[in-house]
Structures are given as C-alpha cells and as structure tokens.
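Listing of target-v3.pdb; format and content: PDB, C-alpha atoms.
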ATOM      1  CA  MET Q   1       1.876  26.241  15.118
ATOM      2  CA  PRO Q   2      -1.062  25.571  17.381
ATOM      3  CA  LEU Q   3      -0.897  22.617  19.731
ATOM      4  CA  TRP Q   4      -3.771  20.787  18.013
ATOM      5  CA  VAL Q   5      -1.686  20.449  14.839
ATOM      6  CA  TYR Q   6       0.862  18.296  16.642
ATOM      7  CA  GLY Q   7      -1.788  16.442  18.619
ATOM      8  CA  SER Q   8      -3.685  15.464  15.477
ATOM      9  CA  ARG Q   9      -0.737  13.399  14.255
ATOM     10  CA  VAL Q  10      -1.526  10.827  16.920
ATOM     11  CA  TYR Q  11      -4.680   9.939  15.011
ATOM     12  CA  LEU Q  12      -2.603   8.697  12.057
ATOM     13  CA  GLU Q  13      -1.118   5.808  14.041
ATOM     14  CA  PRO Q  14      -4.215   3.529  14.133
ATOM     15  CA  ALA Q  15      -4.986   4.175  10.463
ATOM     16  CA  GLY Q  16      -1.387   3.480   9.476
ATOM     17  CA  LEU Q  17      -1.336   0.318  11.558
ATOM     18  CA  LEU Q  18      -4.574  -0.900  10.000
ATOM     19  CA  VAL Q  19      -3.348  -0.307   6.443
ATOM     20  CA  THR Q  20       0.011  -1.912   7.248
ATOM     21  CA  LEU Q  21      -1.631  -5.011   8.708
ATOM     22  CA  ALA Q  22      -3.967  -5.243   5.715
ATOM     23  CA  ALA Q  23      -0.981  -5.053   3.335
ATOM     24  CA  LEU Q  24       0.824  -7.796   5.250
ATOM     25  CA  PHE Q  25      -2.319  -9.932   5.267
ATOM     26  CA  CYS Q  26      -2.629  -9.634   1.492
ATOM     27  CA  TYR Q  27       1.059 -10.435   1.080
ATOM     28  CA  VAL Q  28       0.690 -13.597   3.152
ATOM     29  CA  LYS Q  29      -2.301 -14.616   1.012
ATOM     30  CA  ALA Q  30      -0.108 -14.477  -2.147
ATOM     31  CA  PRO Q  31       2.803 -16.889  -1.638
ATOM     32  CA  PRO Q  32       5.082 -17.564  -4.635
ATOM     33  CA  GLU Q  33       3.653 -21.075  -5.123
ATOM     34  CA  TYR Q  34       0.106 -19.773  -5.535
ATOM     35  CA  ALA Q  35       0.767 -16.380  -7.031
ATOM     36  CA  ARG Q  36      -2.652 -14.856  -7.445
ATOM     37  CA  ARG Q  37      -2.407 -11.463  -9.053
ATOM     38  CA  PHE Q  38      -5.378 -10.130  -7.113
ATOM     39  CA  TRP Q  39      -3.611 -10.463  -3.744
ATOM     40  CA  LEU Q  40      -0.372  -9.073  -5.161
ATOM     41  CA  ALA Q  41      -2.146  -6.015  -6.561
ATOM     42  CA  CYS Q  42      -3.982  -5.514  -3.247
ATOM     43  CA  THR Q  43      -0.658  -5.719  -1.420
ATOM     44  CA  SER Q  44       0.819  -3.116  -3.735
ATOM     45  CA  LEU Q  45      -2.091  -0.708  -3.376
ATOM     46  CA  LEU Q  46      -2.145  -1.084   0.409
ATOM     47  CA  ALA Q  47       1.628  -0.558   0.573
ATOM     48  CA  ALA Q  48       1.137   2.711  -1.297
ATOM     49  CA  ALA Q  49      -1.723   3.611   1.059
ATOM     50  CA  SER Q  50       0.521   2.992   4.061
ATOM     51  CA  PHE Q  51       3.108   5.309   2.520
ATOM     52  CA  PHE Q  52       0.478   7.982   1.977
ATOM     53  CA  THR Q  53      -0.824   7.593   5.530
ATOM     54  CA  LYS Q  54       2.570   8.182   7.080
ATOM     55  CA  TYR Q  55       5.955   7.977   5.409
ATOM     56  CA  SER Q  56       7.494   5.799   8.105
ATOM     57  CA  PHE Q  57       4.814   3.117   7.703
ATOM     58  CA  GLY Q  58       5.308   3.029   3.953
ATOM     59  CA  ILE Q  59       9.076   2.860   4.179
ATOM     60  CA  PHE Q  60       8.912  -0.126   6.521
ATOM     61  CA  VAL Q  61       6.238  -1.939   4.499
ATOM     62  CA  LEU Q  62       7.993  -1.419   1.161
ATOM     63  CA  GLY Q  63      11.366  -2.264   2.662
ATOM     64  CA  GLY Q  64       9.998  -5.453   4.175
ATOM     65  CA  LEU Q  65       8.288  -6.495   0.960
ATOM     66  CA  GLY Q  66      11.413  -5.789  -1.073
ATOM     67  CA  LEU Q  67      13.683  -7.664   1.306
ATOM     68  CA  SER Q  68      11.323 -10.638   1.441
ATOM     69  CA  GLU Q  69      11.094 -10.837  -2.338
ATOM     70  CA  VAL Q  70      14.856 -10.518  -2.890
ATOM     71  CA  LEU Q  71      15.596 -13.226  -0.325
ATOM     72  CA  GLY Q  72      12.936 -15.437  -1.913
ATOM     73  CA  TRP Q  73      14.508 -14.979  -5.332
ATOM     74  CA  LEU Q  74      17.951 -15.862  -3.974
ATOM     75  CA  VAL Q  75      16.682 -19.013  -2.273
ATOM     76  CA  MET Q  76      14.600 -20.207  -5.222
ATOM     77  CA  ARG Q  77      17.307 -19.224  -7.722
ATOM     78  CA  HIS Q  78      15.031 -17.894 -10.390
ATOM     79  CA  ARG Q  79      14.603 -14.441 -11.788
ATOM     80  CA  PRO Q  80      11.613 -12.279 -10.925
ATOM     81  CA  ASP Q  81       8.695 -12.545 -13.273
ATOM     82  CA  ILE Q  82       5.166 -11.209 -13.444
ATOM     83  CA  ARG Q  83       4.977 -11.467  -9.633
ATOM     84  CA  CYS Q  84       7.396  -8.550  -9.327
ATOM     85  CA  LEU Q  85       5.386  -6.451 -11.752
ATOM     86  CA  CYS Q  86       2.101  -7.154  -9.951
ATOM     87  CA  LEU Q  87       3.598  -6.611  -6.513
ATOM     88  CA  PHE Q  88       5.533  -3.402  -7.090
ATOM     89  CA  GLY Q  89       4.041  -1.956 -10.296
ATOM     90  CA  PRO Q  90       0.882  -0.275  -8.965
ATOM     91  CA  CYS Q  91       2.723   1.047  -5.919
ATOM     92  CA  VAL Q  92       5.531   2.553  -7.999
ATOM     93  CA  VAL Q  93       3.033   4.196 -10.364
ATOM     94  CA  LEU Q  94       1.094   5.727  -7.463
ATOM     95  CA  LEU Q  95       4.270   6.941  -5.754
ATOM     96  CA  LEU Q  96       5.525   8.527  -8.964
ATOM     97  CA  LEU Q  97       2.208  10.300  -9.413
ATOM     98  CA  TRP Q  98       2.384  11.439  -5.771
ATOM     99  CA  PHE Q  99       5.896  12.838  -6.099
ATOM    100  CA  VAL Q 100       5.149  14.719  -9.328
ATOM    101  CA  ASN Q 101       3.863  17.418  -7.001
ATOM    102  CA  PRO Q 102       6.976  19.369  -5.904
ATOM    103  CA  ASP Q 103       5.443  20.126  -2.495
ATOM    104  CA  LYS Q 104       5.074  16.409  -1.738
ATOM    105  CA  LEU Q 105       8.644  15.708  -2.831
ATOM    106  CA  SER Q 106      10.091  18.539  -0.760
ATOM    107  CA  GLY Q 107       8.013  17.436   2.248
ATOM    108  CA  PHE Q 108       9.377  13.911   1.924
ATOM    109  CA  LEU Q 109      12.952  15.192   1.661
ATOM    110  CA  VAL Q 110      12.447  17.293   4.799
ATOM    111  CA  TYR Q 111      11.084  14.193   6.545
ATOM    112  CA  THR Q 112      14.114  12.106   5.590
ATOM    113  CA  ARG Q 113      16.667  14.548   6.973
ATOM    114  CA  ALA Q 114      18.088  13.806  10.373
ATOM    115  CA  VAL Q 115      16.784  15.838  13.259
ATOM    116  CA  THR Q 116      19.301  18.473  14.182
ATOM    117  CA  ALA Q 117      20.635  18.682  17.680
ATOM    118  CA  GLN Q 118      18.714  21.171  19.765
ATOM    119  CA  PRO Q 119      20.161  23.081  22.688
ATOM    120  CA  PRO Q 120      19.266  21.520  26.058
ATOM    121  CA  ASP Q 121      16.498  23.045  28.118
ATOM    122  CA  GLU Q 122      17.524  24.961  31.161
ATOM    123  CA  ALA Q 123      15.269  22.736  33.256
ATOM    124  CA  ASN Q 124      16.914  19.541  31.972
ATOM    125  CA  GLY Q 125      20.416  20.823  32.377
TER     126      GLY Q 125
END

Give the structure from the file, written as structure tokens.
Amino acid sequence: MPLWVYGSRVYLEPAGLLVTLAALFCYVKAPPEYARRFWLACTSLLAAASFFTKYSFGIFVLGGLGLSEVLGWLVMRHRPDIRCLCLFGPCVVLLLLWFVNPDKLSGFLVYTRAVTAQPPDEANG
C-alpha cells in the first residue's frame, strides 16, 4: 500500500476525540436523577459515531458507558428501565445495521485479532 494510506489514519484521531468528548458531554448532561431522553439518545448516537470513526474509540466509549450504567444499577439497587433503552437502543440498532454488511464484520474481526509477532529487523537486532 502507498505511504499516504497509512498517513491518512492520523487524521481520524481528532475527529474520534471530538465525537468521544461530545458523547461523554451528553452522558454527563443525562444523570439518572434527571433522565432526559434527548441527552440519552444523543449519547447513544454519538457513541455509535465514535465506533464508526475508529473502532477503538467506540469500544472504549461503549465499554465506559456500560460499566458506568451497571455500577449505577448495583448502587441504586433497581433494575434498568427506559433509560437503558434510550441509552443503548439507537446505538445497538445502528451497529447491527453496520455489521449486516459482511465486509464491515470481517474488517472488525481482523481488527480485533492480536497482532502477530514479526521477525526483528536486522538493524534492531
């Protein structure tokens, strides 16, 4: 592959960071006490956008949201309600539509595999 293909991936970092910060901002604006569905739906859509920008951003955002919600449910000792549906519903629908394409699914599976060990360079020993 040409060098510019690998160099162009650097341009995804600021966009991914912006979408991630926007998702976290929306999540902070929708605490469980004042559950406004608008902010929850925005969080969900921006979490999906972070996943579409770069898989690693989406995995961290969705993992953080999931962990935060589960810990909140354990502390408050109540079962998830409409908040869960508003927070994860749109994101799950978009991700399912994304992965219907077999090329996207195979690309994600390639991304999730561990990097294989490469032989050392002669210059590095």

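Residues within 10 Å of range 86-100 of chain Q, counting all atoms listed in the file and excluding same-chain residues fewer than 5 positions away, are Tyr27, Ala30, Ala35, Arg36, Arg37, Phe38, Trp39, Leu40, Ala41, Cys42, Thr43, Ser44, Leu45, Leu46, Ala47, Ala48, Ala49, Phe51, Phe52, Leu62, Leu65, Gly66, Glu69, Asp81, Leu105, Ser106, Gly107 and Phe108 of chain Q.
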
>> Report, in Å with one decimal, the straight-line distance from CA of Thr20 in chain Q to CA of Met76 in chain Q.
In response: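 Going from CA of Thr20 in chain Q over to CA of Met76 in chain Q, I get 26.5 Å.
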
Once 4 Å is added on each side, what centre and edge lengths in Å to one decimal does the axis-aligned box around all listed atoms of range 95-104 of chain Q have, as JSON?
{"center_x": 4.6, "center_y": 13.5, "center_z": -5.6, "size_x": 12.8, "size_y": 21.2, "size_z": 15.7}

>> For a test of reading the model, state the distance in Å between CA of Leu67 in chain Q and CA of Val28 in chain Q, rounded to one decimal.
In response: 14.4 Å

>> If I take CA of Ser56 in chain Q and CA of Pro31 in chain Q, how far is one from the other in Å, to one decimal?
In response: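 These two atoms are separated by 25.1 Å.
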
>> What's around Glu13 in chain Q at 12 Å? Count all atoms listed in the file, leave out sequence neighbours fewer than 6 positions away in its own chain, and write the answer as a VMD selection string.
In response: chain Q and resid 7 19 to 20 50 53 to 57

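Nearest residue to Trp73 in chain Q among Q:Pro32, Q:Cys26, Q:Asp103, Q:Val110 is Q:Pro32, counting all atoms listed in the file.
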
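Across Q:Gly72, Q:Ala15, Q:Leu85, Q:Asn101, the tightest approach to Glu33 in chain Q is made by Q:Gly72 when counting all atoms listed in the file.
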
From the coordinates supplied, range 35-76 of chain Q should be written with C-alpha atoms, as a JSON list (two decimals), in the first residue's frame.
[["chain", "number", "residue", "atom", "x", "y", "z"],
["Q", 35, "ALA", "CA", -33.11, 11.33, 32.91],
["Q", 36, "ARG", "CA", -33.91, 13.36, 29.84],
["Q", 37, "ARG", "CA", -34.35, 11.12, 26.85],
["Q", 38, "PHE", "CA", -32.91, 13.70, 24.48],
["Q", 39, "TRP", "CA", -29.45, 13.59, 26.10],
["Q", 40, "LEU", "CA", -29.55, 9.80, 26.35],
["Q", 41, "ALA", "CA", -30.40, 9.45, 22.66],
["Q", 42, "CYS", "CA", -27.65, 11.94, 21.75],
["Q", 43, "THR", "CA", -25.19, 9.93, 23.84],
["Q", 44, "SER", "CA", -26.21, 6.76, 22.05],
["Q", 45, "LEU", "CA", -25.90, 8.26, 18.57],
["Q", 46, "LEU", "CA", -22.53, 9.82, 19.37],
["Q", 47, "ALA", "CA", -21.28, 6.53, 20.84],
["Q", 48, "ALA", "CA", -22.18, 4.86, 17.55],
["Q", 49, "ALA", "CA", -20.46, 7.68, 15.66],
["Q", 50, "SER", "CA", -17.30, 7.17, 17.71],
["Q", 51, "PHE", "CA", -17.41, 3.48, 16.83],
["Q", 52, "PHE", "CA", -17.79, 4.31, 13.15],
["Q", 53, "THR", "CA", -14.95, 6.83, 13.30],
["Q", 54, "LYS", "CA", -12.50, 4.32, 14.71],
["Q", 55, "TYR", "CA", -13.25, 1.01, 16.36],
["Q", 56, "SER", "CA", -11.01, 1.64, 19.36],
["Q", 57, "PHE", "CA", -12.83, 4.87, 20.25],
["Q", 58, "GLY", "CA", -16.20, 3.15, 20.07],
["Q", 59, "ILE", "CA", -15.10, 0.19, 22.14],
["Q", 60, "PHE", "CA", -13.84, 2.45, 24.92],
["Q", 61, "VAL", "CA", -16.90, 4.72, 24.86],
["Q", 62, "LEU", "CA", -19.40, 1.85, 24.85],
["Q", 63, "GLY", "CA", -17.42, -0.04, 27.47],
["Q", 64, "GLY", "CA", -17.29, 3.01, 29.70],
["Q", 65, "LEU", "CA", -20.99, 3.72, 29.31],
["Q", 66, "GLY", "CA", -21.88, 0.10, 30.01],
["Q", 67, "LEU", "CA", -19.66, -0.12, 33.06],
["Q", 68, "SER", "CA", -20.99, 3.16, 34.44],
["Q", 69, "GLU", "CA", -24.59, 2.08, 33.99],
["Q", 70, "VAL", "CA", -24.07, -1.37, 35.53],
["Q", 71, "LEU", "CA", -22.30, 0.11, 38.56],
["Q", 72, "GLY", "CA", -25.08, 2.69, 38.90],
["Q", 73, "TRP", "CA", -27.71, -0.04, 38.85],
["Q", 74, "LEU", "CA", -25.85, -2.02, 41.51],
["Q", 75, "VAL", "CA", -25.51, 1.00, 43.79],
["Q", 76, "MET", "CA", -29.10, 2.18, 43.37]]
